[in-house]
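Source file: entry.cif. Holds: mmCIF, N, CA and C atoms.
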```cif
data_start
loop_
_atom_site.label_atom_id
_atom_site.label_comp_id
_atom_site.auth_asym_id
_atom_site.auth_seq_id
_atom_site.Cartn_x
_atom_site.Cartn_y
_atom_site.Cartn_z
N MET A 826 93.63 49.51 69.38
CA MET A 826 92.40 50.08 68.89
C MET A 826 91.54 50.59 70.04
N ASN A 827 91.51 49.85 71.14
CA ASN A 827 90.71 50.27 72.30
C ASN A 827 91.22 51.56 72.90
N TYR A 828 92.53 51.79 72.79
CA TYR A 828 93.09 53.03 73.32
C TYR A 828 92.59 54.24 72.54
N HIS A 829 92.41 54.10 71.24
CA HIS A 829 91.90 55.19 70.43
C HIS A 829 90.47 55.55 70.84
N ILE A 830 89.67 54.55 71.11
CA ILE A 830 88.29 54.79 71.53
C ILE A 830 88.28 55.49 72.88
N LEU A 831 89.13 55.03 73.80
CA LEU A 831 89.21 55.67 75.11
C LEU A 831 89.67 57.12 75.00
N LEU A 832 90.63 57.35 74.11
CA LEU A 832 91.14 58.71 73.91
C LEU A 832 90.04 59.61 73.36
N ILE A 833 89.28 59.13 72.39
CA ILE A 833 88.19 59.91 71.81
C ILE A 833 87.12 60.20 72.85
N LEU A 834 86.78 59.19 73.64
CA LEU A 834 85.77 59.40 74.70
C LEU A 834 86.26 60.39 75.73
N GLY A 835 87.54 60.32 76.06
CA GLY A 835 88.10 61.27 77.03
C GLY A 835 88.06 62.69 76.53
N VAL A 836 88.41 62.89 75.26
CA VAL A 836 88.38 64.23 74.68
C VAL A 836 86.95 64.75 74.62
N LEU A 837 86.01 63.92 74.18
CA LEU A 837 84.61 64.34 74.12
C LEU A 837 84.06 64.65 75.51
N GLY A 838 84.42 63.84 76.48
CA GLY A 838 83.98 64.09 77.86
C GLY A 838 84.53 65.40 78.38
N GLY A 839 85.78 65.71 78.04
CA GLY A 839 86.37 66.98 78.45
C GLY A 839 85.67 68.16 77.82
N LEU A 840 85.29 68.02 76.53
CA LEU A 840 84.57 69.09 75.87
C LEU A 840 83.20 69.33 76.49
N PHE A 841 82.51 68.24 76.81
CA PHE A 841 81.20 68.39 77.44
C PHE A 841 81.31 69.00 78.82
N SER A 842 82.35 68.64 79.55
CA SER A 842 82.50 69.22 80.89
C SER A 842 82.85 70.70 80.81
N LEU A 843 83.59 71.11 79.77
CA LEU A 843 83.88 72.53 79.62
C LEU A 843 82.62 73.31 79.26
N ASN A 844 81.77 72.72 78.41
CA ASN A 844 80.54 73.40 78.06
C ASN A 844 79.59 73.47 79.25
N GLY A 845 79.60 72.48 80.11
CA GLY A 845 78.73 72.47 81.28
C GLY A 845 79.16 73.46 82.33
N SER A 846 80.42 73.89 82.30
CA SER A 846 80.89 74.83 83.31
C SER A 846 80.85 76.26 82.82
N ALA A 847 80.14 76.49 81.74
CA ALA A 847 80.06 77.85 81.21
C ALA A 847 79.38 78.77 82.21
N ALA A 848 79.78 80.02 82.17
CA ALA A 848 79.26 81.00 83.10
C ALA A 848 77.80 81.29 82.81
N ASN A 849 77.09 81.62 83.83
CA ASN A 849 75.68 81.98 83.72
C ASN A 849 75.58 83.35 83.05
N PRO A 850 74.76 83.50 82.03
CA PRO A 850 74.68 84.81 81.35
C PRO A 850 74.13 85.92 82.24
N ASN A 851 73.48 85.59 83.33
CA ASN A 851 72.93 86.60 84.23
C ASN A 851 73.93 87.09 85.26
N ASP A 852 75.16 86.58 85.24
CA ASP A 852 76.16 86.97 86.23
C ASP A 852 76.48 88.47 86.19
N CYS A 853 76.37 89.07 85.03
CA CYS A 853 76.65 90.50 84.92
C CYS A 853 75.57 91.33 85.62
N TYR A 854 74.39 90.79 85.74
CA TYR A 854 73.29 91.52 86.39
C TYR A 854 73.19 91.22 87.88
N ASN A 855 73.72 90.10 88.29
CA ASN A 855 73.76 89.74 89.71
C ASN A 855 75.13 89.13 90.00
N PRO A 856 76.14 89.97 90.25
CA PRO A 856 77.52 89.49 90.34
C PRO A 856 77.85 88.71 91.60
N PHE A 857 76.89 88.48 92.48
CA PHE A 857 77.18 87.76 93.72
C PHE A 857 76.59 86.36 93.74
N THR A 858 76.11 85.85 92.62
CA THR A 858 75.43 84.56 92.63
C THR A 858 76.40 83.39 92.65
N HIS A 859 77.14 83.16 91.58
CA HIS A 859 77.97 81.96 91.46
C HIS A 859 79.45 82.26 91.28
N SER A 860 79.84 83.48 91.36
CA SER A 860 81.21 83.84 91.00
C SER A 860 82.25 83.20 91.90
N ALA A 861 81.92 82.88 93.13
CA ALA A 861 82.91 82.26 94.03
C ALA A 861 83.25 80.85 93.57
N GLU A 862 82.39 80.24 92.77
CA GLU A 862 82.61 78.89 92.30
C GLU A 862 83.45 78.85 91.02
N TYR A 863 83.65 79.98 90.37
CA TYR A 863 84.30 80.01 89.08
C TYR A 863 85.83 80.09 89.22
N PRO A 864 86.56 79.39 88.36
CA PRO A 864 88.02 79.56 88.30
C PRO A 864 88.34 80.89 87.60
N PRO A 865 89.58 81.36 87.73
CA PRO A 865 89.94 82.66 87.14
C PRO A 865 89.64 82.79 85.64
N ALA A 866 89.88 81.76 84.87
CA ALA A 866 89.61 81.86 83.42
C ALA A 866 88.12 82.09 83.16
N GLN A 867 87.28 81.45 83.91
CA GLN A 867 85.84 81.60 83.74
C GLN A 867 85.39 82.99 84.21
N LEU A 868 86.01 83.51 85.26
CA LEU A 868 85.69 84.86 85.72
C LEU A 868 86.02 85.88 84.64
N ARG A 869 87.13 85.67 83.93
CA ARG A 869 87.49 86.58 82.84
C ARG A 869 86.50 86.48 81.68
N GLN A 870 85.99 85.28 81.43
CA GLN A 870 84.98 85.13 80.38
C GLN A 870 83.72 85.91 80.73
N VAL A 871 83.33 85.85 81.99
CA VAL A 871 82.15 86.60 82.43
C VAL A 871 82.42 88.09 82.26
N ALA A 872 83.62 88.54 82.66
CA ALA A 872 83.96 89.96 82.58
C ALA A 872 83.87 90.48 81.16
N LYS A 873 84.28 89.67 80.19
CA LYS A 873 84.23 90.09 78.79
C LYS A 873 82.80 90.29 78.31
N LYS A 874 81.85 89.61 78.93
CA LYS A 874 80.45 89.70 78.51
C LYS A 874 79.69 90.84 79.18
N CYS A 875 80.26 91.42 80.22
CA CYS A 875 79.56 92.45 80.98
C CYS A 875 79.67 93.81 80.28
N ASP A 876 78.54 94.49 80.18
CA ASP A 876 78.51 95.81 79.56
C ASP A 876 78.94 96.90 80.54
N GLU A 877 78.61 96.73 81.81
CA GLU A 877 78.94 97.74 82.81
C GLU A 877 80.39 97.57 83.25
N THR A 878 81.16 98.64 83.15
CA THR A 878 82.59 98.61 83.43
C THR A 878 82.90 98.18 84.86
N ALA A 879 82.17 98.70 85.83
CA ALA A 879 82.45 98.38 87.23
C ALA A 879 82.26 96.89 87.51
N ILE A 880 81.24 96.28 86.94
CA ILE A 880 81.00 94.86 87.17
C ILE A 880 82.04 94.02 86.43
N ALA A 881 82.40 94.44 85.22
CA ALA A 881 83.46 93.74 84.48
C ALA A 881 84.78 93.80 85.27
N ASN A 882 85.10 94.98 85.81
CA ASN A 882 86.31 95.12 86.62
C ASN A 882 86.27 94.23 87.85
N LEU A 883 85.09 94.08 88.44
CA LEU A 883 84.95 93.22 89.60
C LEU A 883 85.32 91.78 89.26
N PHE A 884 84.84 91.28 88.14
CA PHE A 884 85.17 89.91 87.74
C PHE A 884 86.66 89.77 87.40
N TYR A 885 87.24 90.79 86.76
CA TYR A 885 88.69 90.76 86.50
C TYR A 885 89.47 90.78 87.82
N ASN A 886 89.04 91.62 88.77
CA ASN A 886 89.71 91.68 90.06
C ASN A 886 89.62 90.35 90.80
N ARG A 887 88.45 89.72 90.75
CA ARG A 887 88.29 88.42 91.40
C ARG A 887 89.24 87.38 90.80
N ALA A 888 89.37 87.39 89.48
CA ALA A 888 90.25 86.43 88.81
C ALA A 888 91.70 86.66 89.20
N TYR A 889 92.14 87.90 89.17
CA TYR A 889 93.53 88.20 89.49
C TYR A 889 93.83 87.93 90.96
N HIS A 890 92.90 88.26 91.83
CA HIS A 890 93.08 88.02 93.26
C HIS A 890 93.20 86.52 93.54
N ALA A 891 92.37 85.72 92.89
CA ALA A 891 92.44 84.26 93.06
C ALA A 891 93.79 83.73 92.60
N GLU A 892 94.32 84.27 91.51
CA GLU A 892 95.64 83.85 91.03
C GLU A 892 96.74 84.24 92.01
N LEU A 893 96.63 85.42 92.59
CA LEU A 893 97.63 85.83 93.59
C LEU A 893 97.60 84.93 94.81
N LEU A 894 96.41 84.55 95.25
CA LEU A 894 96.31 83.66 96.40
C LEU A 894 96.89 82.28 96.07
N ASP A 895 96.71 81.83 94.84
CA ASP A 895 97.33 80.57 94.42
C ASP A 895 98.85 80.68 94.47
N LYS A 896 99.39 81.84 94.07
CA LYS A 896 100.85 82.05 94.14
C LYS A 896 101.33 81.99 95.58
N PHE A 897 100.55 82.55 96.51
CA PHE A 897 100.92 82.46 97.93
C PHE A 897 101.05 81.00 98.35
N GLN A 898 100.09 80.20 97.97
CA GLN A 898 100.12 78.79 98.37
C GLN A 898 101.30 78.07 97.74
N ILE A 899 101.60 78.35 96.48
CA ILE A 899 102.73 77.71 95.82
C ILE A 899 104.04 78.12 96.49
N LEU A 900 104.20 79.41 96.76
CA LEU A 900 105.42 79.86 97.44
C LEU A 900 105.55 79.24 98.82
N ASN A 901 104.46 79.10 99.53
CA ASN A 901 104.51 78.49 100.85
C ASN A 901 104.97 77.04 100.77
N ARG A 902 104.50 76.32 99.75
CA ARG A 902 104.94 74.93 99.58
C ARG A 902 106.41 74.86 99.21
N LEU A 903 106.87 75.81 98.39
CA LEU A 903 108.28 75.80 98.00
C LEU A 903 109.19 76.16 99.17
N GLN A 904 108.70 76.97 100.08
CA GLN A 904 109.50 77.41 101.23
C GLN A 904 109.14 76.65 102.50
N ALA A 905 108.57 75.48 102.37
CA ALA A 905 108.10 74.73 103.53
C ALA A 905 109.21 74.39 104.51
N HIS A 906 110.43 74.29 104.04
CA HIS A 906 111.53 73.95 104.94
C HIS A 906 112.02 75.15 105.74
N GLN A 907 111.58 76.35 105.40
CA GLN A 907 111.97 77.56 106.13
C GLN A 907 110.75 78.14 106.84
N PRO A 908 110.94 78.69 108.02
CA PRO A 908 109.80 79.35 108.66
C PRO A 908 109.39 80.58 107.84
N THR A 909 108.12 80.67 107.54
CA THR A 909 107.63 81.78 106.73
C THR A 909 106.23 82.16 107.20
N ASP A 910 105.88 83.42 106.98
CA ASP A 910 104.53 83.86 107.33
C ASP A 910 103.70 84.12 106.09
N ASP A 911 104.13 83.60 104.93
CA ASP A 911 103.38 83.79 103.70
C ASP A 911 101.98 83.22 103.80
N LEU A 912 101.82 82.11 104.52
CA LEU A 912 100.49 81.53 104.66
C LEU A 912 99.60 82.44 105.49
N THR A 913 100.18 83.16 106.43
CA THR A 913 99.42 84.13 107.20
C THR A 913 98.92 85.24 106.28
N HIS A 914 99.79 85.70 105.38
CA HIS A 914 99.37 86.71 104.41
C HIS A 914 98.24 86.17 103.55
N TYR A 915 98.35 84.94 103.15
CA TYR A 915 97.33 84.30 102.32
C TYR A 915 95.97 84.32 103.03
N HIS A 916 95.96 83.86 104.28
CA HIS A 916 94.70 83.81 105.02
C HIS A 916 94.16 85.22 105.28
N THR A 917 95.03 86.16 105.54
CA THR A 917 94.60 87.54 105.77
C THR A 917 93.90 88.10 104.54
N GLN A 918 94.52 87.93 103.38
CA GLN A 918 93.93 88.45 102.15
C GLN A 918 92.62 87.75 101.83
N ARG A 919 92.58 86.44 102.03
CA ARG A 919 91.38 85.66 101.72
C ARG A 919 90.22 86.09 102.62
N ILE A 920 90.47 86.26 103.90
CA ILE A 920 89.42 86.64 104.85
C ILE A 920 88.97 88.08 104.59
N PHE A 921 89.92 88.96 104.32
CA PHE A 921 89.58 90.36 104.05
C PHE A 921 88.63 90.46 102.86
N ILE A 922 88.94 89.75 101.79
CA ILE A 922 88.10 89.82 100.59
C ILE A 922 86.76 89.12 100.84
N ALA A 923 86.77 88.04 101.59
CA ALA A 923 85.50 87.37 101.89
C ALA A 923 84.56 88.29 102.66
N LEU A 924 85.10 89.04 103.61
CA LEU A 924 84.28 90.00 104.35
C LEU A 924 83.80 91.14 103.45
N ALA A 925 84.69 91.65 102.62
CA ALA A 925 84.31 92.73 101.71
C ALA A 925 83.22 92.26 100.76
N GLU A 926 83.34 91.03 100.27
CA GLU A 926 82.31 90.47 99.37
C GLU A 926 80.97 90.36 100.10
N ALA A 927 81.00 89.89 101.34
CA ALA A 927 79.76 89.70 102.10
C ALA A 927 79.06 91.04 102.34
N PHE A 928 79.82 92.05 102.73
CA PHE A 928 79.22 93.36 102.96
C PHE A 928 78.71 93.98 101.66
N ALA A 929 79.47 93.81 100.58
CA ALA A 929 79.04 94.36 99.29
C ALA A 929 77.78 93.66 98.79
N ASP A 930 77.70 92.36 99.02
CA ASP A 930 76.50 91.62 98.61
C ASP A 930 75.27 92.16 99.32
N ARG A 931 75.39 92.38 100.62
CA ARG A 931 74.25 92.93 101.38
C ARG A 931 73.89 94.32 100.88
N ALA A 932 74.90 95.14 100.62
CA ALA A 932 74.64 96.50 100.14
C ALA A 932 74.00 96.45 98.75
N TRP A 933 74.47 95.55 97.91
CA TRP A 933 73.93 95.41 96.55
C TRP A 933 72.45 95.01 96.59
N THR A 934 72.12 94.07 97.46
CA THR A 934 70.72 93.62 97.55
C THR A 934 69.82 94.71 98.13
N ARG A 935 70.38 95.62 98.90
CA ARG A 935 69.60 96.75 99.42
C ARG A 935 69.47 97.86 98.40
N GLY A 936 70.14 97.72 97.27
CA GLY A 936 70.02 98.71 96.21
C GLY A 936 71.05 99.82 96.24
N GLU A 937 72.10 99.66 97.01
CA GLU A 937 73.13 100.70 97.06
C GLU A 937 73.98 100.61 95.80
N ALA A 938 73.95 101.66 95.01
CA ALA A 938 74.59 101.66 93.70
C ALA A 938 76.12 101.61 93.78
N GLN A 939 76.70 102.11 94.86
CA GLN A 939 78.16 102.17 94.95
C GLN A 939 78.78 100.91 95.53
N ALA A 940 78.01 99.88 95.78
CA ALA A 940 78.55 98.66 96.39
C ALA A 940 79.64 98.04 95.54
N ILE A 941 79.44 97.98 94.23
CA ILE A 941 80.42 97.37 93.34
C ILE A 941 81.68 98.23 93.27
N THR A 942 81.52 99.54 93.21
CA THR A 942 82.67 100.44 93.16
C THR A 942 83.52 100.31 94.42
N LEU A 943 82.87 100.27 95.57
CA LEU A 943 83.60 100.13 96.83
C LEU A 943 84.28 98.77 96.92
N LEU A 944 83.61 97.72 96.45
CA LEU A 944 84.23 96.40 96.46
C LEU A 944 85.44 96.36 95.54
N ASN A 945 85.35 97.01 94.39
CA ASN A 945 86.51 97.08 93.49
C ASN A 945 87.68 97.78 94.15
N ARG A 946 87.41 98.83 94.92
CA ARG A 946 88.49 99.51 95.66
C ARG A 946 89.16 98.57 96.65
N GLN A 947 88.34 97.75 97.34
CA GLN A 947 88.91 96.80 98.30
C GLN A 947 89.75 95.74 97.59
N TYR A 948 89.28 95.28 96.44
CA TYR A 948 90.08 94.34 95.66
C TYR A 948 91.38 94.98 95.22
N ASP A 949 91.33 96.22 94.73
CA ASP A 949 92.55 96.92 94.30
C ASP A 949 93.55 97.02 95.45
N ARG A 950 93.04 97.35 96.61
CA ARG A 950 93.91 97.49 97.79
C ARG A 950 94.51 96.14 98.18
N SER A 951 93.69 95.10 98.19
CA SER A 951 94.16 93.77 98.56
C SER A 951 95.17 93.25 97.53
N ILE A 952 94.91 93.52 96.26
CA ILE A 952 95.84 93.09 95.20
C ILE A 952 97.17 93.81 95.34
N GLU A 953 97.13 95.11 95.63
CA GLU A 953 98.36 95.87 95.81
C GLU A 953 99.19 95.30 96.96
N ILE A 954 98.54 95.01 98.07
CA ILE A 954 99.24 94.46 99.24
C ILE A 954 99.81 93.08 98.91
N ALA A 955 99.01 92.26 98.24
CA ALA A 955 99.48 90.90 97.89
C ALA A 955 100.67 90.96 96.94
N GLU A 956 100.64 91.87 95.97
CA GLU A 956 101.77 91.99 95.06
C GLU A 956 103.04 92.41 95.79
N TYR A 957 102.92 93.35 96.72
CA TYR A 957 104.08 93.74 97.52
C TYR A 957 104.63 92.54 98.30
N GLN A 958 103.74 91.79 98.93
CA GLN A 958 104.17 90.66 99.74
C GLN A 958 104.81 89.57 98.90
N LEU A 959 104.26 89.32 97.73
CA LEU A 959 104.85 88.29 96.86
C LEU A 959 106.23 88.68 96.36
N ARG A 960 106.47 89.97 96.22
CA ARG A 960 107.78 90.44 95.77
C ARG A 960 108.76 90.62 96.92
N GLY A 961 108.29 90.42 98.13
CA GLY A 961 109.16 90.54 99.29
C GLY A 961 109.25 91.94 99.85
N TYR A 962 108.39 92.83 99.43
CA TYR A 962 108.37 94.20 99.92
C TYR A 962 107.43 94.30 101.12
N ASP A 963 107.82 93.68 102.21
CA ASP A 963 106.95 93.62 103.37
C ASP A 963 106.71 95.00 104.00
N LYS A 964 107.71 95.89 103.94
CA LYS A 964 107.52 97.22 104.51
C LYS A 964 106.50 98.02 103.71
N LEU A 965 106.54 97.91 102.38
CA LEU A 965 105.55 98.59 101.57
C LEU A 965 104.16 98.00 101.80
N ALA A 966 104.09 96.68 101.97
CA ALA A 966 102.80 96.04 102.24
C ALA A 966 102.25 96.52 103.57
N ALA A 967 103.11 96.61 104.58
CA ALA A 967 102.67 97.08 105.89
C ALA A 967 102.20 98.53 105.81
N HIS A 968 102.91 99.34 105.03
CA HIS A 968 102.50 100.73 104.85
C HIS A 968 101.15 100.82 104.13
N ALA A 969 100.94 99.98 103.13
CA ALA A 969 99.67 99.96 102.41
C ALA A 969 98.53 99.50 103.31
N LEU A 970 98.84 98.58 104.23
CA LEU A 970 97.81 98.12 105.18
C LEU A 970 97.38 99.24 106.11
N GLN A 971 98.32 100.12 106.46
CA GLN A 971 97.99 101.21 107.39
C GLN A 971 97.35 102.40 106.70
N ALA A 972 97.44 102.45 105.37
CA ALA A 972 96.86 103.57 104.64
C ALA A 972 95.33 103.50 104.72
N PRO A 973 94.68 104.62 104.70
CA PRO A 973 93.21 104.60 104.75
C PRO A 973 92.63 103.88 103.54
N ALA A 974 91.54 103.16 103.76
CA ALA A 974 90.92 102.38 102.68
C ALA A 974 90.26 103.26 101.64
N ASN A 975 89.76 104.42 102.03
CA ASN A 975 89.11 105.34 101.11
C ASN A 975 89.85 106.67 101.08
N PRO A 976 90.88 106.78 100.24
CA PRO A 976 91.65 108.02 100.21
C PRO A 976 90.86 109.17 99.63
#
```
Since I need it in another form, could you write the structure as structure tokens?
Amino acid sequence: MNYHILLILGVLGGLFSLNGSAANPNDCYNPFTHSAEYPPAQLRQVAKKCDETAIANLFYNRAYHAELLDKFQILNRLQAHQPTDDLTHYHTQRIFIALAEAFADRAWTRGEAQAITLLNRQYDRSIEIAEYQLRGYDKLAAHALQAPANP
């Protein structure tokens, strides 16, 4: 009987914790506030609520990019017995996006309207490179790295 009570309390606690982690409704108007703290599923929830396409795409890009970085970490753990540079790719992508986010945040606060569009381009580029690397197409990834960021 005590196990049933514990099970019910656990389920209710899980429901309350999910409700407490709901996205802030103002995230669509200020996309640089709490988004780094959100898991990919929550980022997608925010994206569905955004009216502006560029900001919605930004949240979708953040979610997908976070999932790709998780795949890098999983592959690195699976290949731990072999020398691999996948973790280097992981850190490169993570740092690149962190810098792009920081510069876009500053531009956004200064009122530059294209900050979100440019950040989305950087996410698209980083996602393309990460997808190539995850599939083992290192030459295509290297070529994409050398391509100009703003074609």
Check the smallest atom-to-atom distance from each of A:Ala872, A:Ile920, A:Cys853, A:Ala929 to A:Arg887 using only C-alpha atoms, then report the winner.
A:Ala872
What do you get, as a PyMOL selection string, if you spell out every residue that the PyMOL selection byres (((chain A and resi 942 and name CA) around 12) and name CA) selects here?
chain A and resi 877-883+886+925-926+929+932-933+937-941+943-949+975
Please indicate the distance in Å from atom C of A:Leu924 to atom N of A:Glu953, rounded to one decimal place.
16.0 Å
Quick one: residues within 8 Å of A:Pro865, only N, CA and C atoms counted, chain neighbours fewer than 4 positions away excluded, as a count of residues only?
10
So how many Å separate atom CA of A:Tyr957 and atom CA of A:Ala923, to one decimal?
20.1 Å
